[in-house]
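Dropping run-v3.txt in here (compact mmCIF, C-alpha atoms):
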```
# COMPACT_ATOMS: atom_id res chain seq x y z
CA MET X 6 7.76 -4.93 24.07
CA THR X 7 7.73 -8.75 23.86
CA ALA X 8 4.04 -8.72 24.78
CA LEU X 9 3.28 -6.31 21.92
CA ASP X 10 5.28 -8.41 19.46
CA SER X 11 3.57 -11.62 20.56
CA LEU X 12 0.18 -9.96 20.20
CA LEU X 13 1.17 -8.79 16.70
CA ALA X 14 2.30 -12.29 15.69
CA LEU X 15 -0.90 -13.81 17.06
CA LEU X 16 -3.08 -11.25 15.23
CA LEU X 17 -1.17 -11.94 11.98
CA LEU X 18 -1.88 -15.67 12.27
CA LEU X 19 -5.56 -15.08 13.13
CA LEU X 20 -6.01 -12.66 10.20
CA ALA X 21 -4.24 -15.05 7.81
CA ALA X 22 -6.61 -17.81 8.92
CA ARG X 23 -9.52 -15.40 8.47
CA CYS X 24 -8.39 -14.66 4.89
CA VAL X 25 -8.74 -18.30 3.85
CA SER X 26 -11.79 -19.15 5.93
CA ALA X 27 -13.90 -15.96 5.57
CA ARG X 28 -17.62 -16.30 4.97
CA SER X 29 -17.51 -14.28 1.75
CA LEU X 30 -15.05 -12.81 -0.71
CA LEU X 31 -15.51 -9.26 0.64
CA GLN X 32 -14.69 -10.32 4.19
CA ALA X 33 -11.60 -12.15 2.93
CA ILE X 34 -10.47 -9.00 1.09
CA VAL X 35 -10.97 -6.80 4.15
CA ALA X 36 -9.06 -9.30 6.31
CA PHE X 37 -6.27 -9.29 3.71
CA ILE X 38 -5.99 -5.47 3.79
CA VAL X 39 -5.83 -5.44 7.60
CA LEU X 40 -3.25 -8.25 7.40
CA GLY X 41 -1.16 -6.03 5.10
CA LEU X 42 -1.29 -3.13 7.59
CA LEU X 43 -0.27 -5.34 10.51
CA LEU X 44 2.48 -6.86 8.37
CA ALA X 45 3.80 -3.34 7.78
CA LEU X 46 3.75 -2.79 11.55
CA SER X 47 5.69 -6.05 12.02
CA TRP X 48 8.37 -4.86 9.59
CA VAL X 49 8.67 -1.68 11.68
CA ARG X 50 9.14 -3.84 14.78
CA LEU X 51 11.80 -5.87 12.92
CA GLU X 52 13.57 -2.57 12.13
CA ALA X 53 13.05 -2.85 8.37
CA PRO X 54 11.36 0.50 7.58
CA ASP X 55 11.93 0.11 3.81
CA LEU X 56 9.91 -3.08 3.75
CA ALA X 57 7.29 -1.55 6.05
CA LEU X 58 6.79 1.39 3.68
CA ALA X 59 6.57 -0.91 0.66
CA GLU X 60 4.14 -3.25 2.42
CA ALA X 61 1.89 -0.40 3.60
CA ALA X 62 1.86 1.38 0.22
CA ILE X 63 1.70 -1.60 -2.14
CA GLY X 64 0.57 -4.58 -0.04
CA ALA X 65 -2.17 -2.94 2.01
CA GLY X 66 -2.93 0.17 -0.09
CA LEU X 67 -2.82 -0.53 -3.80
CA LEU X 68 -3.38 -4.27 -3.66
CA GLY X 69 -6.44 -3.60 -1.48
CA VAL X 70 -7.76 -1.09 -4.01
CA LEU X 71 -7.17 -3.58 -6.85
CA LEU X 72 -8.92 -6.41 -5.00
CA LEU X 73 -11.89 -4.22 -4.01
CA GLY X 74 -12.12 -2.91 -7.58
CA THR X 75 -12.21 -6.47 -8.90
CA TRP X 76 -14.82 -7.46 -6.34
CA ARG X 77 -16.91 -4.46 -7.34
CA SER X 78 -16.97 -5.41 -11.00
CA LEU X 79 -17.87 -9.05 -10.38
CA PRO X 80 -21.41 -9.85 -11.54
CA LEU X 81 -24.06 -9.43 -8.82
CA GLY X 82 -24.24 -12.35 -6.40
CA HIS X 83 -20.93 -13.66 -7.71
CA GLY X 84 -18.28 -14.13 -5.04
CA ASN X 85 -20.89 -14.31 -2.31
CA GLU X 86 -20.78 -18.10 -2.18
CA ARG X 87 -18.95 -19.59 0.74
CA ILE X 88 -15.24 -20.18 0.25
CA PRO X 89 -14.48 -23.86 0.98
CA LEU X 90 -12.40 -24.54 4.08
CA PRO X 91 -9.00 -26.23 3.59
CA TRP X 92 -10.36 -29.68 4.33
CA GLN X 93 -13.52 -29.37 2.24
CA GLY X 94 -12.75 -30.89 -1.15
CA LEU X 95 -9.66 -32.14 -2.94
CA ARG X 96 -8.41 -28.87 -4.44
CA PRO X 97 -8.35 -26.80 -1.20
CA ALA X 98 -6.70 -29.76 0.57
CA LEU X 99 -4.00 -29.99 -2.13
CA ILE X 100 -3.36 -26.21 -2.05
CA THR X 101 -3.15 -26.22 1.76
CA THR X 102 -0.74 -29.17 1.77
CA GLY X 103 1.39 -27.51 -0.94
CA CYS X 104 1.57 -24.20 0.96
CA THR X 105 2.42 -25.96 4.23
CA VAL X 106 5.22 -27.97 2.57
CA LEU X 107 6.58 -24.77 0.96
CA ALA X 108 6.51 -22.95 4.32
CA VAL X 109 8.36 -25.82 6.05
CA LEU X 110 10.96 -26.03 3.27
CA LEU X 111 11.52 -22.26 3.36
CA THR X 112 11.98 -22.34 7.13
CA VAL X 113 14.50 -25.19 6.81
CA ALA X 114 16.35 -23.35 4.02
CA LEU X 115 16.47 -20.15 6.10
CA HIS X 116 17.97 -21.97 9.05
CA GLN X 117 20.60 -23.82 7.03
CA HIS X 118 22.66 -20.87 5.80
CA PRO X 119 22.33 -18.02 8.28
CA GLU X 120 26.08 -17.15 8.27
CA GLN X 121 26.31 -16.68 4.50
CA ALA X 122 23.34 -14.33 4.46
CA ALA X 123 24.96 -12.20 7.13
CA MET X 124 28.26 -12.21 5.21
CA SER X 125 26.74 -10.73 2.04
CA GLY X 126 25.10 -7.99 4.07
CA LEU X 127 28.43 -7.06 5.67
CA ALA X 128 30.15 -7.13 2.27
CA ALA X 129 27.54 -4.70 0.92
CA LEU X 130 28.02 -2.38 3.93
CA ASP X 131 31.80 -2.44 3.36
CA GLN X 132 31.37 -1.28 -0.25
CA LEU X 133 28.81 1.40 0.59
CA ASP X 134 31.19 4.26 -0.23
CA ALA X 135 31.40 3.11 -3.85
CA ALA X 136 27.62 2.95 -4.29
CA GLY X 137 26.94 6.69 -4.52
CA VAL X 138 24.09 6.60 -1.99
CA ASP X 139 24.18 6.51 1.79
CA GLN X 140 21.27 4.14 2.27
CA PRO X 141 22.36 0.47 2.21
CA VAL X 142 19.00 -0.84 0.94
CA THR X 143 18.97 1.58 -2.01
CA ALA X 144 22.63 0.81 -2.72
CA VAL X 145 21.83 -2.91 -2.98
CA LEU X 146 18.70 -2.36 -5.07
CA LEU X 147 20.08 0.12 -7.59
CA ASN X 148 23.79 -0.66 -7.69
CA PHE X 149 25.01 -3.97 -6.28
CA ARG X 150 22.02 -5.93 -7.51
CA ALA X 151 20.81 -3.55 -10.19
CA TYR X 152 20.08 -6.43 -12.54
CA ASP X 153 17.43 -7.85 -10.18
CA THR X 154 15.71 -4.47 -9.86
CA LEU X 155 15.70 -4.00 -13.64
CA LEU X 156 14.04 -7.40 -14.05
CA GLU X 157 11.49 -6.49 -11.35
CA MET X 158 10.55 -3.40 -13.35
CA GLY X 159 10.21 -5.72 -16.37
CA VAL X 160 7.92 -8.03 -14.41
CA LEU X 161 5.67 -5.10 -13.48
CA LEU X 162 5.47 -3.97 -17.14
CA MET X 163 4.73 -7.57 -18.23
CA ALA X 164 1.93 -7.78 -15.66
CA LEU X 165 0.46 -4.53 -17.02
CA ILE X 166 0.72 -5.69 -20.65
CA GLY X 167 -0.86 -9.03 -19.71
CA THR X 168 -3.76 -7.27 -17.95
CA LEU X 169 -4.35 -4.97 -20.92
CA MET X 170 -4.29 -7.92 -23.34
CA LEU X 171 -7.09 -9.58 -21.40
CA ASP X 172 -9.16 -6.59 -22.54
CA SER X 173 -11.27 -6.30 -19.40
CA PRO X 174 -12.86 -9.76 -19.10
CA LEU X 175 -15.19 -8.41 -16.43
CA PRO X 176 -17.91 -5.91 -17.29
CA ARG X 177 -16.48 -2.79 -15.73
CA ASP X 178 -18.85 0.03 -14.92
CA THR X 179 -16.55 3.03 -15.17
CA GLU X 180 -19.42 5.38 -14.31
CA LEU X 181 -19.52 5.36 -10.53
CA PRO X 182 -22.86 6.34 -9.04
CA ALA X 183 -22.60 9.87 -7.62
CA ARG X 184 -23.21 8.71 -4.07
CA THR X 185 -20.21 6.39 -3.89
CA MET X 186 -17.94 9.01 -5.40
CA LEU X 187 -15.43 10.61 -3.06
CA PRO X 188 -16.00 14.36 -2.59
CA ALA X 189 -13.79 16.47 -4.88
CA THR X 190 -12.61 18.54 -1.90
CA LEU X 191 -10.77 15.46 -0.66
CA ALA X 192 -8.54 15.44 -3.73
CA GLN X 193 -7.93 19.19 -3.47
CA LEU X 194 -6.97 18.83 0.20
CA PHE X 195 -4.88 15.68 0.02
CA LEU X 196 -3.32 15.73 -3.43
CA PRO X 197 -0.56 18.26 -2.66
CA LEU X 198 0.30 16.33 0.50
CA ILE X 199 0.37 12.96 -1.29
CA LEU X 200 2.51 14.31 -4.14
CA LEU X 201 4.92 15.86 -1.63
CA ILE X 202 5.21 12.63 0.35
CA GLY X 203 5.60 10.49 -2.80
CA LEU X 204 8.35 12.65 -4.31
CA TYR X 205 10.05 12.98 -0.91
CA LEU X 206 10.09 9.19 -0.52
CA VAL X 207 11.78 8.79 -3.92
CA TRP X 208 14.35 11.49 -3.12
CA ALA X 209 14.90 10.28 0.44
CA GLY X 210 15.74 6.79 -0.87
CA ALA X 211 19.32 8.01 -1.29
CA TYR X 212 19.97 8.53 2.42
CA SER X 213 17.07 7.14 4.47
CA PRO X 214 14.27 4.56 4.10
CA GLY X 215 12.25 5.13 0.95
CA GLY X 216 12.91 4.73 -2.72
CA ALA X 217 11.40 4.24 -6.15
CA PHE X 218 8.96 1.47 -5.25
CA GLN X 219 7.56 3.11 -2.11
CA GLY X 220 7.42 6.59 -3.67
CA GLY X 221 5.97 5.21 -6.90
CA ALA X 222 3.21 3.43 -5.02
CA VAL X 223 2.29 6.63 -3.14
CA LEU X 224 2.20 8.57 -6.43
CA ALA X 225 -0.04 5.85 -7.90
CA GLY X 226 -2.27 6.35 -4.87
CA ALA X 227 -2.59 10.03 -5.84
CA GLY X 228 -3.77 8.87 -9.28
CA VAL X 229 -6.33 6.50 -7.77
CA LEU X 230 -7.62 9.40 -5.64
CA LEU X 231 -8.00 11.54 -8.78
CA ILE X 232 -10.06 8.80 -10.44
CA LEU X 233 -12.21 8.13 -7.37
CA THR X 234 -12.99 11.83 -6.96
CA GLY X 235 -14.01 12.06 -10.60
CA PHE X 236 -11.20 14.24 -11.96
CA GLY X 237 -9.76 11.56 -14.20
CA GLU X 238 -10.67 8.25 -15.76
CA GLY X 239 -9.22 5.41 -17.79
CA ASP X 240 -8.96 5.87 -21.53
CA GLY X 241 -9.02 3.21 -24.24
CA ARG X 242 -6.27 4.97 -26.18
CA ASP X 243 -2.76 5.73 -25.09
CA GLY X 244 -0.37 8.42 -26.27
CA TRP X 245 3.35 8.24 -26.88
CA VAL X 246 4.08 10.37 -23.79
CA LEU X 247 2.42 7.81 -21.55
CA ARG X 248 4.21 4.93 -23.27
CA ALA X 249 7.54 6.74 -22.97
CA LEU X 250 6.99 7.32 -19.25
CA LEU X 251 5.90 3.70 -18.74
CA ALA X 252 8.99 2.32 -20.47
CA GLY X 253 11.19 5.12 -19.08
CA GLY X 254 12.29 3.34 -15.91
CA ALA X 255 13.52 0.19 -17.64
CA LEU X 256 14.94 2.20 -20.58
CA VAL X 257 16.94 4.67 -18.49
CA PHE X 258 18.17 1.84 -16.28
CA THR X 259 19.32 -0.26 -19.27
CA LEU X 260 20.77 2.67 -21.21
CA ALA X 261 22.75 3.90 -18.20
CA GLY X 262 24.13 0.38 -17.84
CA LEU X 263 24.94 -0.03 -21.56
CA LEU X 264 26.28 3.44 -22.46
CA LEU X 265 28.86 3.39 -19.67
CA ILE X 266 30.37 0.03 -20.70
CA PRO X 267 33.17 1.74 -22.70
CA VAL X 268 34.07 3.82 -19.61
CA THR X 269 33.83 1.22 -16.86
CA GLY X 270 34.17 -2.00 -18.81
CA ALA X 271 31.16 -3.75 -17.24
CA PHE X 272 27.39 -3.74 -17.66
CA MET X 273 25.67 -1.60 -14.98
CA ALA X 274 28.90 -0.38 -13.45
CA TYR X 275 29.01 3.41 -12.98
CA PRO X 276 32.09 5.66 -12.91
CA GLN X 277 33.01 7.00 -9.49
CA GLY X 278 32.22 10.69 -10.02
CA LEU X 279 28.92 10.21 -11.82
CA VAL X 280 27.38 7.56 -9.63
CA THR X 281 25.12 9.78 -7.49
CA PRO X 282 23.45 11.75 -10.34
CA ILE X 283 22.92 8.50 -12.26
CA MET X 284 21.33 6.88 -9.22
CA VAL X 285 18.94 9.82 -8.77
CA LEU X 286 18.02 9.81 -12.48
CA ILE X 287 17.34 6.05 -12.41
CA GLU X 288 15.41 6.32 -9.16
CA PHE X 289 13.04 9.04 -10.44
CA SER X 290 12.40 7.43 -13.84
CA LEU X 291 11.75 4.10 -12.10
CA ALA X 292 9.34 5.75 -9.66
CA LEU X 293 7.34 7.38 -12.50
CA SER X 294 7.13 4.09 -14.42
CA ILE X 295 6.08 2.20 -11.30
CA ALA X 296 3.43 4.80 -10.40
CA LEU X 297 1.95 4.74 -13.92
CA SER X 298 2.01 0.92 -14.19
CA LEU X 299 0.23 0.54 -10.86
CA LEU X 300 -2.33 3.20 -11.77
CA LEU X 301 -3.05 1.60 -15.16
CA LEU X 302 -3.37 -1.79 -13.46
CA TYR X 303 -6.10 -0.15 -11.37
CA THR X 304 -7.97 1.43 -14.29
CA GLY X 305 -7.40 -1.62 -16.50
CA THR X 306 -7.01 0.64 -19.54
CA PRO X 307 -3.98 1.51 -21.68
CA GLY X 308 -4.49 5.26 -21.27
CA LEU X 309 -5.71 8.01 -18.97
CA ARG X 310 -7.64 11.19 -19.57
CA ARG X 311 -9.42 13.98 -17.76
CA ARG X 312 -13.01 13.13 -17.00
CA GLY X 313 -15.36 14.20 -19.78
CA GLU X 314 -12.54 14.68 -22.29
CA ARG X 315 -12.82 12.63 -25.47
CA MET Y 2 5.11 16.36 35.56
CA THR Y 3 4.93 16.37 31.76
CA THR Y 4 5.26 12.59 31.67
CA PHE Y 5 2.47 12.30 34.21
CA LEU Y 6 0.19 14.57 32.16
CA ALA Y 7 1.06 12.71 28.93
CA CYS Y 8 0.27 9.33 30.47
CA GLY Y 9 -3.05 10.68 31.73
CA LEU Y 10 -3.94 11.95 28.24
CA ILE Y 11 -2.95 8.66 26.59
CA LEU Y 12 -4.96 6.65 29.12
CA ALA Y 13 -7.99 8.89 28.55
CA GLY Y 14 -7.55 8.41 24.79
CA VAL Y 15 -7.45 4.65 25.18
CA GLY Y 16 -10.64 4.89 27.24
CA PHE Y 17 -12.38 6.72 24.39
CA TYR Y 18 -11.19 4.07 21.93
CA LEU Y 19 -12.54 1.34 24.17
CA ALA Y 20 -15.93 3.08 24.41
CA GLY Y 21 -16.04 3.52 20.64
CA THR Y 22 -15.26 -0.14 20.03
CA VAL Y 23 -17.90 -1.28 22.51
CA GLY Y 24 -20.36 1.01 20.72
CA LEU Y 25 -19.39 -0.47 17.34
CA LEU Y 26 -20.03 -3.97 18.64
CA ARG Y 27 -23.18 -3.27 20.66
CA PHE Y 28 -25.16 -0.60 18.79
CA PRO Y 29 -28.04 -1.84 16.63
CA ASP Y 30 -27.72 -0.08 13.24
CA VAL Y 31 -25.16 1.42 10.86
CA TYR Y 32 -25.78 5.05 11.82
CA SER Y 33 -25.43 4.72 15.58
CA ARG Y 34 -22.39 2.47 15.08
CA LEU Y 35 -20.81 5.15 12.89
CA HIS Y 36 -21.72 7.75 15.51
CA ALA Y 37 -19.99 5.76 18.25
CA LEU Y 38 -16.95 4.99 16.14
CA THR Y 39 -16.22 8.41 14.66
CA LYS Y 40 -16.99 10.58 17.67
CA ALA Y 41 -15.19 8.43 20.21
CA ASP Y 42 -12.24 7.56 17.98
CA ASN Y 43 -11.60 11.13 16.86
CA THR Y 44 -11.51 12.31 20.45
CA GLY Y 45 -9.42 9.28 21.41
CA LEU Y 46 -6.96 9.96 18.61
CA GLY Y 47 -6.76 13.63 19.62
CA LEU Y 48 -5.97 12.80 23.26
CA LEU Y 49 -3.49 10.10 22.20
CA ALA Y 50 -1.76 12.47 19.77
CA LEU Y 51 -1.58 15.18 22.43
CA GLY Y 52 -0.05 12.75 24.92
CA VAL Y 53 2.49 11.39 22.45
CA ALA Y 54 3.38 14.94 21.31
CA LEU Y 55 4.06 15.90 24.95
CA LEU Y 56 6.29 12.83 25.35
CA ALA Y 57 8.13 13.51 22.07
CA GLY Y 58 9.44 16.73 23.53
CA SER Y 59 10.40 18.46 20.27
CA PRO Y 60 8.23 21.07 18.52
CA ARG Y 61 8.98 19.58 15.09
CA LEU Y 62 7.73 16.12 16.09
CA ALA Y 63 4.71 17.63 17.82
CA LEU Y 64 3.84 19.51 14.63
CA LEU Y 65 4.16 16.33 12.55
CA ILE Y 66 1.91 14.47 14.99
CA ALA Y 67 -0.64 17.29 14.75
CA LEU Y 68 -0.55 16.94 10.95
CA VAL Y 69 -1.12 13.16 11.21
CA TRP Y 70 -4.05 13.82 13.53
CA LEU Y 71 -5.57 16.33 11.10
CA VAL Y 72 -5.20 14.04 8.07
CA ALA Y 73 -6.61 11.07 10.00
CA ILE Y 74 -9.63 13.11 11.12
CA ILE Y 75 -10.40 14.28 7.58
CA ALA Y 76 -10.08 10.72 6.25
CA ALA Y 77 -12.31 9.38 9.05
CA SER Y 78 -15.05 11.97 8.41
CA VAL Y 79 -15.03 11.26 4.68
CA ALA Y 80 -15.19 7.49 5.25
CA CYS Y 81 -18.06 7.97 7.72
CA HIS Y 82 -19.92 10.18 5.25
CA LEU Y 83 -19.46 7.63 2.45
CA ILE Y 84 -20.67 4.68 4.52
CA ALA Y 85 -23.68 6.60 5.84
CA GLY Y 86 -24.54 7.85 2.34
CA TYR Y 87 -24.30 4.34 0.93
CA ALA Y 88 -26.44 2.90 3.73
CA LEU Y 89 -29.04 5.61 3.11
CA GLN Y 90 -29.00 4.83 -0.63
CA VAL Y 91 -29.31 1.05 -0.57
CA GLY Y 92 -30.92 0.67 2.85
CA GLU Y 93 -29.54 -1.22 5.78
CA CYS Y 94 -27.94 -4.44 4.69
CA GLY Y 95 -27.04 -5.68 8.16
CA ASP Y 96 -24.20 -8.14 8.24
CA GLU Y 97 -24.63 -9.52 4.73
CA ASP Y 98 -22.46 -8.03 2.08
CA ASP Y 99 -24.75 -8.24 -0.92
CA ARG Y 100 -24.46 -5.32 -3.24
```
Please express what this file holds, its structure, as structure tokens.
Amino acid sequence: MTALDSLLALLLLLLAARCVSARSLLQAIVAFIVLGLLLALSWVRLEAPDLALAEAAIGAGLLGVLLLGTWRSLPLGHGNERIPLPWQGLRPALITTGCTVLAVLLTVALHQHPEQAAMSGLAALDQLDAAGVDQPVTAVLLNFRAYDTLLEMGVLLMALIGTLMLDSPLPRDTELPARTMLPATLAQLFLPLILLIGLYLVWAGAYSPGGAFQGGAVLAGAGVLLILTGFGEGDGRDGWVLRALLAGGALVFTLAGLLLIPVTGAFMAYPQGLVTPIMVLIEFSLALSIALSLLLLYTGTPGLRRRGER
Amino acid sequence: MTTFLACGLILAGVGFYLAGTVGLLRFPDVYSRLHALTKADNTGLGLLALGVALLAGSPRLALLIALVWLVAIIAASVACHLIAGYALQVGECGDEDDR
């Protein structure tokens, strides 16, 4: 398997180089999507299926859709000019130097404290019984380091609010020409499957690889499919249901942490008997919020509606 | 015996993939490239899936692999249809990516 791994590493480097030296923006985007897929494969090889799922769903899938959507709404001829190579001009040279220095510093930092990193992982595994879920990654994300995950949800919401405040700086043609529309049969065939897989991933997060972020991204993919097949579209107005669902993840997470302070005496500590149902509740509300935020980032609008509805 | 058969199927599948890739690189226009890619790759994927399902040895895994094969084939046909339709609409644009 060493040969396969070496080939994978080599391909990753080549594709990364291709991303920054592609002849046009579109080629760079395509190289970036393929890079994401191979990165997911590398995480599988490194036995980190959670990261592989997240990378495939968010890194290669949704990020690719967002980049292609942006490219599509660029004015004609824009983005076709050649991207300067790292040594052509002061700015690319500065960025390249900065990135290289960062990479070297990160490598040094990683190699300085390997024992401590291993220790915290073992400590988490020791406490797994108290976490209410059988999957170590989910236990760390939702219980031991719940605060980080809550802030991540906040970052995603902030990104969405920031995008909406920009009020679509690019002229966005929401009316796709009929020819580039996906056939409606595709949605009818795939939607039940995608919904099943998305919900399963959220549920499975408790005992096997999966979780709110991976499941949420797959559910967002179902939404993108609905828009591309012409069943739904972005809406300029939003309703309170949508807002409630968007804020739901962060709200449920915070409320569960706050309301149980009198019982447990600490923020985001959960009583022994209730920990599993609370985890599942948090996981599902997070997944819905993540799915909706990602979908709205794609449409670039505050709301959604059925196509043709006013 | 099963292992032998599975290896044969996987090798044949890889052969189809190779032929499809050569076709993609060598054929002159979008339509014949699509032809080479979709026909050869779908057959290649089918043979590969069959071989891997034989090696997996459990009916449940084999069924899952069959499902993956089916979904991949539908996705490939739709992608092919879209690219061909787009090429027909805007005309051949060769290697440039102007819209």
| field | Polymer residues at most 12 Å from Leu51 (chain Y), all atoms listed in the file, same-chain spacing of 4 or more positions, as a list of chain:residue names | value |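 So the residues in contact are Y:Thr3, Y:Thr4, Y:Leu6, Y:Ala7, Y:Cys8, Y:Gly9, Y:Leu10, Y:Ile11, Y:Leu12, Y:Ala13, Y:Gly14, Y:Thr44, Y:Gly45, Y:Leu46, Y:Gly47, Y:Leu55, Y:Leu56, Y:Ala57, Y:Gly58, Y:Leu62, Y:Ala63, Y:Leu64, Y:Leu65, Y:Ile66, Y:Ala67, Y:Leu68, Y:Val69, Y:Trp70.
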Could those residues be written to a file, using C-alpha atoms, as an mmCIF file, keeping the file's coordinate frame?
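Okay, this is what ended up in selection-v1.cif:
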```
data_model
loop_
_atom_site.group_PDB
_atom_site.id
_atom_site.type_symbol
_atom_site.label_atom_id
_atom_site.label_comp_id
_atom_site.auth_asym_id
_atom_site.auth_seq_id
_atom_site.Cartn_x
_atom_site.Cartn_y
_atom_site.Cartn_z
ATOM 1 C CA THR Y 3 4.930 16.370 31.760
ATOM 2 C CA THR Y 4 5.260 12.590 31.670
ATOM 3 C CA LEU Y 6 0.190 14.570 32.160
ATOM 4 C CA ALA Y 7 1.060 12.710 28.930
ATOM 5 C CA CYS Y 8 0.270 9.330 30.470
ATOM 6 C CA GLY Y 9 -3.050 10.680 31.730
ATOM 7 C CA LEU Y 10 -3.940 11.950 28.240
ATOM 8 C CA ILE Y 11 -2.950 8.660 26.590
ATOM 9 C CA LEU Y 12 -4.960 6.650 29.120
ATOM 10 C CA ALA Y 13 -7.990 8.890 28.550
ATOM 11 C CA GLY Y 14 -7.550 8.410 24.790
ATOM 12 C CA THR Y 44 -11.510 12.310 20.450
ATOM 13 C CA GLY Y 45 -9.420 9.280 21.410
ATOM 14 C CA LEU Y 46 -6.960 9.960 18.610
ATOM 15 C CA GLY Y 47 -6.760 13.630 19.620
ATOM 16 C CA LEU Y 55 4.060 15.900 24.950
ATOM 17 C CA LEU Y 56 6.290 12.830 25.350
ATOM 18 C CA ALA Y 57 8.130 13.510 22.070
ATOM 19 C CA GLY Y 58 9.440 16.730 23.530
ATOM 20 C CA LEU Y 62 7.730 16.120 16.090
ATOM 21 C CA ALA Y 63 4.710 17.630 17.820
ATOM 22 C CA LEU Y 64 3.840 19.510 14.630
ATOM 23 C CA LEU Y 65 4.160 16.330 12.550
ATOM 24 C CA ILE Y 66 1.910 14.470 14.990
ATOM 25 C CA ALA Y 67 -0.640 17.290 14.750
ATOM 26 C CA LEU Y 68 -0.550 16.940 10.950
ATOM 27 C CA VAL Y 69 -1.120 13.160 11.210
ATOM 28 C CA TRP Y 70 -4.050 13.820 13.530
#
```
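Interatomic distance, CA of Gly66 (chain X) to CA of Leu107 (chain X): 26.7 Å.
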| field | Test item: which residues lie within 12 Å of (-21.0, 8.4, 6.0) counting only C-alpha atoms, as an MDAnalysis selection string | value | (chainID X and resid 184:188) or (chainID Y and resid 31:36 38:39 76:90)
| message | Calculated over all atoms listed in the file, which of the candidates X:Val35, X:Tyr303, X:Thr143, X:Ser294 has the smallest distance to chain Y? | response | X:Val35
| query | Mind pulling up the distance from CA of Ala33 (chain X) to CA of Ala21 (chain X)? | reply |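 Between CA of Ala21 (chain X) and CA of Ala33 (chain X) the gap works out to 9.3 Å.
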| field | Two-atom distance - CA of Arg248 (chain X), CA of Leu297 (chain X) (Å) | value | 9.6 Å
| request: Can you pull out every residue within 8 Å of region 232-237 of chain X, counting only C-alpha atoms, but drop anything in the same chain fewer than 5 positions away, and send it as a ChimeraX atom specification? | output: /X:186-189,191-192,309-312
Which polymer residues have any atom within 8 Å of an atom of Gly21 (chain Y), counting all atoms listed in the file, with same-chain residues fewer than 4 positions away left out, as a PDB file with C-alpha atoms, in the frame of the given file?
```pdb
ATOM      1  CA  PHE Y  17     -12.380   6.720  24.390  1.00  0.00           C
ATOM      2  CA  LEU Y  25     -19.390  -0.470  17.340  1.00  0.00           C
ATOM      3  CA  ALA Y  37     -19.990   5.760  18.250  1.00  0.00           C
ATOM      4  CA  LEU Y  38     -16.950   4.990  16.140  1.00  0.00           C
ATOM      5  CA  THR Y  39     -16.220   8.410  14.660  1.00  0.00           C
ATOM      6  CA  LYS Y  40     -16.990  10.580  17.670  1.00  0.00           C
ATOM      7  CA  ALA Y  41     -15.190   8.430  20.210  1.00  0.00           C
ATOM      8  CA  ASP Y  42     -12.240   7.560  17.980  1.00  0.00           C
TER       9      ASP Y  42
END
```
Write out as a short mmCIF file (atom, residue, chain, number, x, y, z; two decimals) with C-alpha atoms, in the frame of the given file which residues come within 12 Å of Ser11 (chain X) when counting all atoms listed in the file, dropping same-chain ones fewer than 6 positions away.
```cif
data_model
loop_
_atom_site.label_atom_id
_atom_site.label_comp_id
_atom_site.auth_asym_id
_atom_site.auth_seq_id
_atom_site.Cartn_x
_atom_site.Cartn_y
_atom_site.Cartn_z
CA LEU X 17 -1.17 -11.94 11.98
CA LEU X 18 -1.88 -15.67 12.27
CA SER X 47 5.69 -6.05 12.02
CA ARG X 50 9.14 -3.84 14.78
#
```
Within 12 Å of Gly210 (chain X), counting only C-alpha atoms, which residues qualify if same-chain residues fewer than 2 places away don't, as a short mmCIF file (atom, residue, chain, number, x, y, z; two decimals) with C-alpha atoms, in the frame of the given file?
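Once everything was written out, this is around-v2.cif:
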```
data_model
loop_
_atom_site.label_atom_id
_atom_site.label_comp_id
_atom_site.auth_asym_id
_atom_site.auth_seq_id
_atom_site.Cartn_x
_atom_site.Cartn_y
_atom_site.Cartn_z
CA PRO X 54 11.36 0.50 7.58
CA ASP X 55 11.93 0.11 3.81
CA LEU X 58 6.79 1.39 3.68
CA GLY X 137 26.94 6.69 -4.52
CA VAL X 138 24.09 6.60 -1.99
CA ASP X 139 24.18 6.51 1.79
CA GLN X 140 21.27 4.14 2.27
CA PRO X 141 22.36 0.47 2.21
CA VAL X 142 19.00 -0.84 0.94
CA THR X 143 18.97 1.58 -2.01
CA ALA X 144 22.63 0.81 -2.72
CA VAL X 145 21.83 -2.91 -2.98
CA LEU X 146 18.70 -2.36 -5.07
CA LEU X 147 20.08 0.12 -7.59
CA GLY X 203 5.60 10.49 -2.80
CA LEU X 204 8.35 12.65 -4.31
CA TYR X 205 10.05 12.98 -0.91
CA LEU X 206 10.09 9.19 -0.52
CA VAL X 207 11.78 8.79 -3.92
CA TRP X 208 14.35 11.49 -3.12
CA TYR X 212 19.97 8.53 2.42
CA SER X 213 17.07 7.14 4.47
CA PRO X 214 14.27 4.56 4.10
CA GLY X 215 12.25 5.13 0.95
CA GLY X 216 12.91 4.73 -2.72
CA ALA X 217 11.40 4.24 -6.15
CA PHE X 218 8.96 1.47 -5.25
CA GLN X 219 7.56 3.11 -2.11
CA GLY X 220 7.42 6.59 -3.67
CA GLY X 221 5.97 5.21 -6.90
CA THR X 281 25.12 9.78 -7.49
CA MET X 284 21.33 6.88 -9.22
CA VAL X 285 18.94 9.82 -8.77
CA ILE X 287 17.34 6.05 -12.41
CA GLU X 288 15.41 6.32 -9.16
CA PHE X 289 13.04 9.04 -10.44
CA ALA X 292 9.34 5.75 -9.66
#
```
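Checking X:Met163, X:Leu31, X:Val25, X:Leu67 one by one against chain Y, counting only C-alpha atoms, you find the shortest gap at X:Leu31.
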| Selected residue of minimal separation from chain Y among X:Ala59, X:Leu279, X:Leu171, X:Leu79, counting only C-alpha atoms | X:Leu79
